[in-house]
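File shown: my_file_0.cif (mmCIF, C-alpha atoms).
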data_input
#
loop_
_atom_site.label_atom_id
_atom_site.label_comp_id
_atom_site.auth_asym_id
_atom_site.auth_seq_id
_atom_site.Cartn_x
_atom_site.Cartn_y
_atom_site.Cartn_z
CA MET A 327 0.00 0.00 0.00
CA LYS A 328 1.31 3.42 -0.97
CA LYS A 329 0.72 6.62 0.94
CA LEU A 330 -0.71 9.73 -0.74
CA LEU A 331 -0.82 13.28 0.60
CA ILE A 332 -3.47 15.72 -0.68
CA VAL A 333 -2.44 19.35 -0.06
CA ASP A 334 -5.11 22.01 -0.56
CA ASP A 335 -6.39 24.87 1.58
CA SER A 336 -9.94 24.04 0.52
CA LYS A 337 -11.63 21.25 2.48
CA ALA A 338 -14.12 20.91 -0.39
CA MET A 339 -11.33 20.36 -2.91
CA ARG A 340 -9.56 17.83 -0.68
CA MET A 341 -12.84 15.92 -0.61
CA ILE A 342 -13.25 16.21 -4.38
CA VAL A 343 -9.74 14.81 -4.93
CA ARG A 344 -10.47 11.93 -2.55
CA ARG A 345 -13.71 11.23 -4.42
CA ALA A 346 -11.91 11.37 -7.79
CA LEU A 347 -9.30 8.89 -6.54
CA ARG A 348 -12.12 6.51 -5.57
CA GLN A 349 -13.90 7.03 -8.90
CA ALA A 350 -10.62 6.38 -10.73
CA ASN A 351 -10.39 3.05 -8.87
CA ILE A 352 -7.25 4.15 -7.04
CA LEU A 353 -8.50 2.50 -3.88
CA GLU A 354 -5.79 0.47 -2.24
CA HIS A 355 -3.71 3.41 -1.01
CA SER A 356 -3.63 5.30 2.26
CA VAL A 357 -4.64 8.97 1.80
CA ASP A 358 -3.70 11.79 4.17
CA GLU A 359 -4.40 15.54 3.95
CA ALA A 360 -2.69 18.86 4.67
CA ALA A 361 -4.23 22.34 4.43
CA ASN A 362 -1.12 24.22 3.24
CA GLY A 363 2.50 23.77 2.21
CA GLU A 364 3.93 24.19 5.69
CA GLU A 365 1.74 21.49 7.16
CA ALA A 366 2.53 19.24 4.20
CA LEU A 367 6.29 19.76 4.55
CA GLU A 368 6.16 18.76 8.22
CA LYS A 369 4.35 15.55 7.33
CA LEU A 370 6.68 14.81 4.43
CA LYS A 371 9.77 15.32 6.59
CA ALA A 372 8.38 12.70 8.97
CA GLY A 373 8.52 10.33 6.00
CA GLY A 374 6.49 7.50 4.56
CA TYR A 375 4.76 9.26 1.68
CA ASP A 376 4.97 8.16 -1.94
CA LEU A 377 2.92 10.81 -3.75
CA VAL A 378 1.93 14.45 -3.17
CA LEU A 379 -1.12 15.97 -4.93
CA ALA A 380 -0.80 19.70 -4.26
CA ASP A 381 -2.74 22.84 -5.04
CA TRP A 382 -0.75 25.79 -6.42
CA ASN A 383 -2.25 28.82 -4.66
CA MET A 384 -2.34 28.39 -0.89
CA PRO A 385 -1.74 30.66 2.11
CA GLN A 386 1.41 30.28 4.28
CA MET A 387 3.33 28.17 1.77
CA ASN A 388 2.12 27.74 -1.80
CA GLY A 389 2.50 24.64 -3.93
CA ILE A 390 5.59 25.58 -5.90
CA ASP A 391 7.46 26.61 -2.74
CA LEU A 392 6.46 23.29 -1.21
CA LEU A 393 7.90 21.46 -4.23
CA LYS A 394 11.16 23.45 -4.01
CA SER A 395 11.39 22.70 -0.27
CA VAL A 396 10.76 19.01 -0.89
CA LYS A 397 13.56 18.91 -3.45
CA SER A 398 16.02 20.92 -1.35
CA SER A 399 15.29 18.72 1.66
CA GLY A 400 16.14 15.61 -0.33
CA ILE A 401 12.71 14.07 0.23
CA SER A 402 12.05 11.35 -2.35
CA VAL A 403 8.42 11.48 -3.40
CA HIS A 404 6.34 11.74 -6.56
CA PHE A 405 4.90 15.24 -6.79
CA GLY A 406 2.04 16.55 -8.92
CA PHE A 407 -0.18 19.60 -8.96
CA ILE A 408 -3.98 19.77 -9.08
CA THR A 409 -4.63 23.44 -9.65
CA SER A 410 -6.82 26.00 -11.35
CA GLU A 411 -3.60 27.52 -12.74
CA GLY A 412 -3.56 26.03 -16.21
CA THR A 413 -1.42 28.39 -18.26
CA GLY A 414 1.74 27.30 -20.04
CA ASP A 415 4.12 29.30 -17.87
CA ILE A 416 2.76 27.68 -14.71
CA ARG A 417 3.08 24.22 -16.21
CA GLU A 418 6.64 24.97 -17.33
CA THR A 419 7.56 26.24 -13.85
CA ALA A 420 6.09 23.10 -12.28
CA MET A 421 7.93 20.72 -14.57
CA THR A 422 11.22 22.65 -14.42
CA ASN A 423 11.16 22.29 -10.65
CA GLY A 424 10.61 18.55 -10.79
CA ALA A 425 6.84 17.97 -10.80
CA GLN A 426 5.70 14.77 -12.51
CA PHE A 427 2.37 16.20 -13.72
CA LEU A 428 -0.09 19.06 -13.52
CA ILE A 429 -3.84 18.52 -13.61
CA VAL A 430 -6.00 21.57 -14.24
CA LYS A 431 -9.25 22.08 -12.31
CA PRO A 432 -11.97 21.25 -13.12
CA PHE A 433 -10.80 17.71 -13.73
CA THR A 434 -12.32 14.29 -14.23
CA PRO A 435 -11.41 11.01 -12.46
CA GLU A 436 -10.07 9.87 -15.83
CA ALA A 437 -7.52 12.72 -15.78
CA ILE A 438 -6.28 11.50 -12.39
CA PHE A 439 -6.11 7.91 -13.63
CA GLU A 440 -4.15 8.87 -16.75
CA VAL A 441 -1.35 10.56 -14.80
CA LEU A 442 -1.21 8.11 -11.87
CA LYS A 443 -1.24 4.89 -13.87
CA PRO A 444 2.24 5.40 -15.43
CA LEU A 445 3.58 6.16 -11.94
CA GLY A 446 2.28 2.84 -10.62
CA TYR A 447 -0.65 4.01 -8.54
CA ALA A 448 -3.43 2.47 -10.67
CA MET B 809 -24.28 52.97 -18.64
CA SER B 810 -23.45 50.35 -21.26
CA LEU B 811 -20.78 47.77 -20.74
CA SER B 812 -17.42 48.15 -22.43
CA ASP B 813 -16.40 45.56 -24.99
CA GLU B 814 -13.61 44.43 -22.68
CA ALA B 815 -16.06 43.77 -19.82
CA LYS B 816 -18.26 41.77 -22.20
CA VAL B 817 -15.28 39.64 -23.25
CA TRP B 818 -14.36 38.96 -19.61
CA LEU B 819 -17.98 37.99 -18.87
CA GLU B 820 -18.09 35.64 -21.86
CA ALA B 821 -14.92 33.94 -20.63
CA THR B 822 -16.48 33.67 -17.16
CA LEU B 823 -19.62 32.07 -18.58
CA ASP B 824 -17.55 29.59 -20.57
CA ALA B 825 -15.43 28.71 -17.52
CA ALA B 826 -18.53 28.31 -15.35
CA ASN B 827 -20.06 25.97 -17.91
CA GLU B 828 -16.88 23.87 -17.94
CA PHE B 829 -16.91 23.71 -14.13
CA SER B 830 -20.58 22.74 -14.06
CA SER B 831 -20.35 20.00 -16.66
CA THR B 832 -17.06 18.55 -15.37
CA THR B 833 -17.51 18.75 -11.59
CA LEU B 834 -21.28 18.76 -11.11
CA GLY B 835 -22.23 16.76 -14.18
CA PHE B 836 -24.69 19.10 -15.88
CA ASP B 837 -24.61 22.09 -18.23
CA LEU B 838 -25.63 25.59 -17.27
CA GLY B 839 -29.33 26.32 -17.67
CA ASP B 840 -31.89 29.09 -17.69
CA PRO B 841 -32.34 30.61 -14.20
CA GLN B 842 -35.78 32.03 -15.01
CA ALA B 843 -37.27 28.58 -14.63
CA ILE B 844 -36.11 28.34 -11.01
CA ARG B 845 -36.54 31.51 -8.95
CA ARG B 846 -35.59 35.16 -9.11
CA LEU B 847 -32.46 36.11 -7.20
CA PRO B 848 -32.92 38.70 -4.43
CA GLU B 849 -30.89 41.91 -4.26
CA ASN B 850 -28.78 40.72 -1.33
CA LEU B 851 -26.68 37.71 -2.23
CA THR B 852 -23.91 35.57 -0.79
CA GLY B 853 -20.97 34.86 -3.01
CA CYS B 854 -17.26 34.79 -3.55
CA PHE B 855 -14.75 36.76 -5.61
CA VAL B 856 -11.27 35.83 -6.79
CA ALA B 857 -8.97 38.55 -8.12
CA LEU B 858 -7.03 38.33 -11.36
CA VAL B 859 -4.15 40.73 -10.88
CA GLY B 860 -1.68 41.90 -13.48
CA GLU B 861 0.75 44.77 -13.92
CA GLN B 862 -1.46 46.53 -16.45
CA GLU B 863 -4.90 45.66 -15.17
CA SER B 864 -6.78 43.77 -12.51
CA LEU B 865 -10.32 42.56 -12.06
CA GLN B 866 -12.52 40.42 -9.84
CA ILE B 867 -14.32 37.28 -10.98
CA GLY B 868 -17.19 36.12 -8.78
CA LEU B 869 -20.36 34.18 -8.38
CA ALA B 870 -23.24 34.63 -5.98
CA SER B 871 -26.62 33.19 -5.09
CA ASP B 872 -29.20 33.34 -2.32
CA SER B 873 -28.42 31.52 0.93
CA ALA B 874 -30.41 28.43 -0.08
CA GLY B 875 -28.59 28.30 -3.40
CA CYS B 876 -25.18 28.58 -1.74
CA GLN B 877 -26.07 25.76 0.63
CA THR B 878 -27.20 23.55 -2.28
CA LEU B 879 -24.01 24.26 -4.25
CA ALA B 880 -21.84 23.47 -1.22
CA GLN B 881 -23.68 20.22 -0.54
CA ALA B 882 -23.24 19.24 -4.18
CA LEU B 883 -19.51 19.89 -4.00
CA PHE B 884 -19.08 18.04 -0.69
CA ALA B 885 -21.51 15.30 -1.80
CA ALA B 886 -23.29 15.94 1.52
CA ASP B 887 -26.90 15.01 2.31
CA GLU B 888 -27.15 17.19 5.41
CA PRO B 889 -26.92 21.01 5.60
CA LEU B 890 -23.34 22.26 5.96
CA PRO B 891 -22.06 24.87 8.45
CA ASP B 892 -21.22 28.35 7.14
CA PRO B 893 -17.42 27.81 7.00
CA ASP B 894 -17.90 24.81 4.71
CA VAL B 895 -20.31 26.76 2.51
CA SER B 896 -17.76 29.59 2.25
CA ASP B 897 -15.03 27.09 1.49
CA ALA B 898 -17.09 25.54 -1.30
CA LEU B 899 -18.00 28.91 -2.80
CA GLY B 900 -14.34 29.90 -2.67
CA GLU B 901 -13.29 26.79 -4.52
CA ILE B 902 -15.95 27.25 -7.20
CA ALA B 903 -14.89 30.88 -7.70
CA ASN B 904 -11.25 29.79 -7.78
CA ILE B 905 -11.87 27.20 -10.47
CA ILE B 906 -13.92 29.60 -12.58
CA ALA B 907 -11.34 32.39 -12.24
CA GLY B 908 -8.62 29.93 -13.23
CA GLY B 909 -10.68 29.01 -16.27
CA VAL B 910 -11.03 32.67 -17.19
CA LYS B 911 -7.27 33.16 -16.89
CA LYS B 912 -6.68 30.14 -19.13
CA ARG B 913 -9.13 31.44 -21.74
CA ARG B 914 -7.59 34.91 -21.84
CA VAL B 915 -4.05 33.63 -22.07
CA ALA B 916 -3.06 36.64 -24.17
CA LYS B 917 -3.30 38.65 -20.95
CA THR B 918 -0.02 37.19 -19.78
CA GLY B 919 1.36 37.64 -16.32
CA MET B 920 -1.96 37.79 -14.48
CA ALA B 921 -2.00 36.04 -11.12
CA LEU B 922 -4.91 34.47 -9.27
CA GLY B 923 -5.68 35.82 -5.83
CA LEU B 924 -7.20 33.98 -2.90
CA PRO B 925 -11.01 33.73 -2.61
CA MET B 926 -12.95 36.39 -0.69
CA VAL B 927 -16.50 35.71 0.46
CA MET B 928 -19.09 38.51 0.24
CA GLU B 929 -22.58 38.98 1.63
CA GLY B 930 -25.01 41.70 0.52
CA HIS B 931 -24.59 43.47 -2.78
CA VAL B 932 -21.52 44.73 -4.58
CA ARG B 933 -20.87 48.48 -4.71
CA ILE B 934 -18.47 49.88 -7.26
CA THR B 935 -16.89 53.28 -7.80
CA ASP B 936 -17.45 55.43 -10.88
CA ARG B 937 -14.06 54.23 -12.14
CA GLN B 938 -15.25 50.64 -12.17
CA GLU B 939 -17.86 48.69 -14.05
CA ILE B 940 -19.64 45.49 -13.18
CA ALA B 941 -20.88 42.93 -15.66
CA HIS B 942 -23.20 40.16 -14.56
CA LEU B 943 -25.19 37.31 -15.99
CA ASP B 944 -27.69 35.03 -14.25
CA VAL B 945 -27.44 31.33 -15.03
CA ALA B 946 -28.66 28.10 -13.48
CA LEU B 947 -26.24 25.60 -11.99
CA GLY B 948 -28.58 22.63 -11.84
CA ASP B 949 -31.44 23.76 -9.59
CA VAL B 950 -29.52 26.78 -8.32
CA PRO B 951 -29.84 30.28 -9.78
CA VAL B 952 -26.37 31.84 -9.80
CA ARG B 953 -25.15 35.31 -10.72
CA LEU B 954 -21.77 35.42 -12.46
CA LEU B 955 -19.95 38.69 -11.82
CA VAL B 956 -17.02 40.55 -13.30
CA VAL B 957 -15.78 43.79 -11.75
CA CYS B 958 -13.14 45.67 -13.72
CA ASN B 959 -11.71 49.16 -13.88
CA ARG B 960 -13.49 51.31 -16.44
CA GLU B 961 -10.42 53.36 -17.36
CA GLN B 962 -8.49 50.18 -18.15
CA SER B 963 -11.26 48.63 -20.19
#
Target format structure tokens, applied to this file:
Amino acid sequence: MKKLLIVDDSKAMRMIVRRALRQANILEHSVDEAANGEEALEKLKAGGYDLVLADWNMPQMNGIDLLKSVKSSGISVHFGFITSEGTGDIRETAMTNGAQFLIVKPFTPEAIFEVLKPLGYA
Amino acid sequence: MSLSDEAKVWLEATLDAANEFSSTTLGFDLGDPQAIRRLPENLTGCFVALVGEQESLQIGLASDSAGCQTLAQALFAADEPLPDPDVSDALGEIANIIAGGVKKRRVAKTGMALGLPMVMEGHVRITDRQEIAHLDVALGDVPVRLLVVCNREQS
């Protein structure tokens, strides 16, 4: 069983991502949540996570700063964004800094499945 | 006072983004609000700013309190009424997704950043340097007002 971390300041969106994971038949993983980048980084430093699904715009620490902190801390984890920021420059920034994927909101369960399957989560 | 062409274009992008949100996340297309109920003057809603060096505007949506509750329950997949913080959270996320969709559609306006959601209650007042464009639509059984507030001198 792999361990996933959903990072979003919106409780509604964290629930939507959980629901999409279920609908995409990504069932046999443990799913945890964090409400911002700082909280996520603390959890990630404690270890045990395989995949981060992070929002981009969040208070305290945003998604791209979380990704940079993860990389600079040497934490080994798959990292992807689920964000309403869908422009090319945002995607390029995400990928340049080591993200595996970027899903633009609104998204379908199929979009989640398509990016997680090649990474071994489906 | 008539709307500027620029405000109309922003509103069209907002309508298109709202339709994408509705069909993708809620599973139905936007409809005609007249068939449901007329929105009162005082509404509850949420705005997200699109801020750039040359211009900035606010993208929002609003409904009556019953409509906001229904939208929030749909987003949370909840059968029971939700507390106000969860309703605000849901409205904020809907506004965030729609504003992101507007940004994507007006990609020529490069360098604009999305702000964080801000919940409002009552009705929106603007200055004489601003203009507000709105359009009433139906999100399922919920009448919703889509709103765009932009600076008149920049339009």
Could you tell me how far CA of Ala885 in chain B lies from CA of Ser831 in chain B, in Å and to one decimal?
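Interatomic distance, CA of Ala885 in chain B to CA of Ser831 in chain B: 15.6 Å.
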Could you write out as a CSV table (one decimal) with C-alpha atoms, in the frame of the given file the residues that the PyMOL selection byres ((chain A) within 12 of (chain B)) matches in the shown file?
chain,number,residue,atom,x,y,z
A,334,ASP,CA,-5.1,22.0,-0.6
A,335,ASP,CA,-6.4,24.9,1.6
A,336,SER,CA,-9.9,24.0,0.5
A,337,LYS,CA,-11.6,21.2,2.5
A,338,ALA,CA,-14.1,20.9,-0.4
A,339,MET,CA,-11.3,20.4,-2.9
A,340,ARG,CA,-9.6,17.8,-0.7
A,341,MET,CA,-12.8,15.9,-0.6
A,342,ILE,CA,-13.2,16.2,-4.4
A,343,VAL,CA,-9.7,14.8,-4.9
A,344,ARG,CA,-10.5,11.9,-2.6
A,345,ARG,CA,-13.7,11.2,-4.4
A,346,ALA,CA,-11.9,11.4,-7.8
A,381,ASP,CA,-2.7,22.8,-5.0
A,382,TRP,CA,-0.8,25.8,-6.4
A,383,ASN,CA,-2.2,28.8,-4.7
A,384,MET,CA,-2.3,28.4,-0.9
A,385,PRO,CA,-1.7,30.7,2.1
A,386,GLN,CA,1.4,30.3,4.3
A,388,ASN,CA,2.1,27.7,-1.8
A,408,ILE,CA,-4.0,19.8,-9.1
A,409,THR,CA,-4.6,23.4,-9.6
A,410,SER,CA,-6.8,26.0,-11.4
A,411,GLU,CA,-3.6,27.5,-12.7
A,412,GLY,CA,-3.6,26.0,-16.2
A,413,THR,CA,-1.4,28.4,-18.3
A,414,GLY,CA,1.7,27.3,-20.0
A,415,ASP,CA,4.1,29.3,-17.9
A,416,ILE,CA,2.8,27.7,-14.7
A,417,ARG,CA,3.1,24.2,-16.2
A,430,VAL,CA,-6.0,21.6,-14.2
A,431,LYS,CA,-9.2,22.1,-12.3
A,432,PRO,CA,-12.0,21.2,-13.1
A,433,PHE,CA,-10.8,17.7,-13.7
A,434,THR,CA,-12.3,14.3,-14.2
A,435,PRO,CA,-11.4,11.0,-12.5
A,436,GLU,CA,-10.1,9.9,-15.8
A,437,ALA,CA,-7.5,12.7,-15.8
To test your reading of the syntax: which residues would the PyMOL selection byres ((chain B and resi 838-850) around 10) return for the file shown? Reply as a PyMOL selection string.
chain B and resi 823-824+826-831+835-837+851-853+870-873+875+929-932+943-953
Distance in Å - CA of Leu879 in chain B versus CA of Val357 in chain A:
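Rounded to one decimal, the two atoms are 25.4 Å apart.
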Applying 9 Å and all atoms listed in the file, which residues near range 361-377 of chain A remain after dropping the ones on its own chain fewer than 6 positions away? List them as a VMD selection string.
chain A and resid 328 to 337 340 384 to 393 395 to 396 399 401 to 406
Suppose you want the space between CA of Val441 in chain A and CA of Ala380 in chain A; what is it in Å?
14.0 Å
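Taking all atoms listed in the file into account, Val956 in chain B lies nearest to B:Gln866 out of the set B:Pro889, B:Met920, B:Gln866, B:Gln938.
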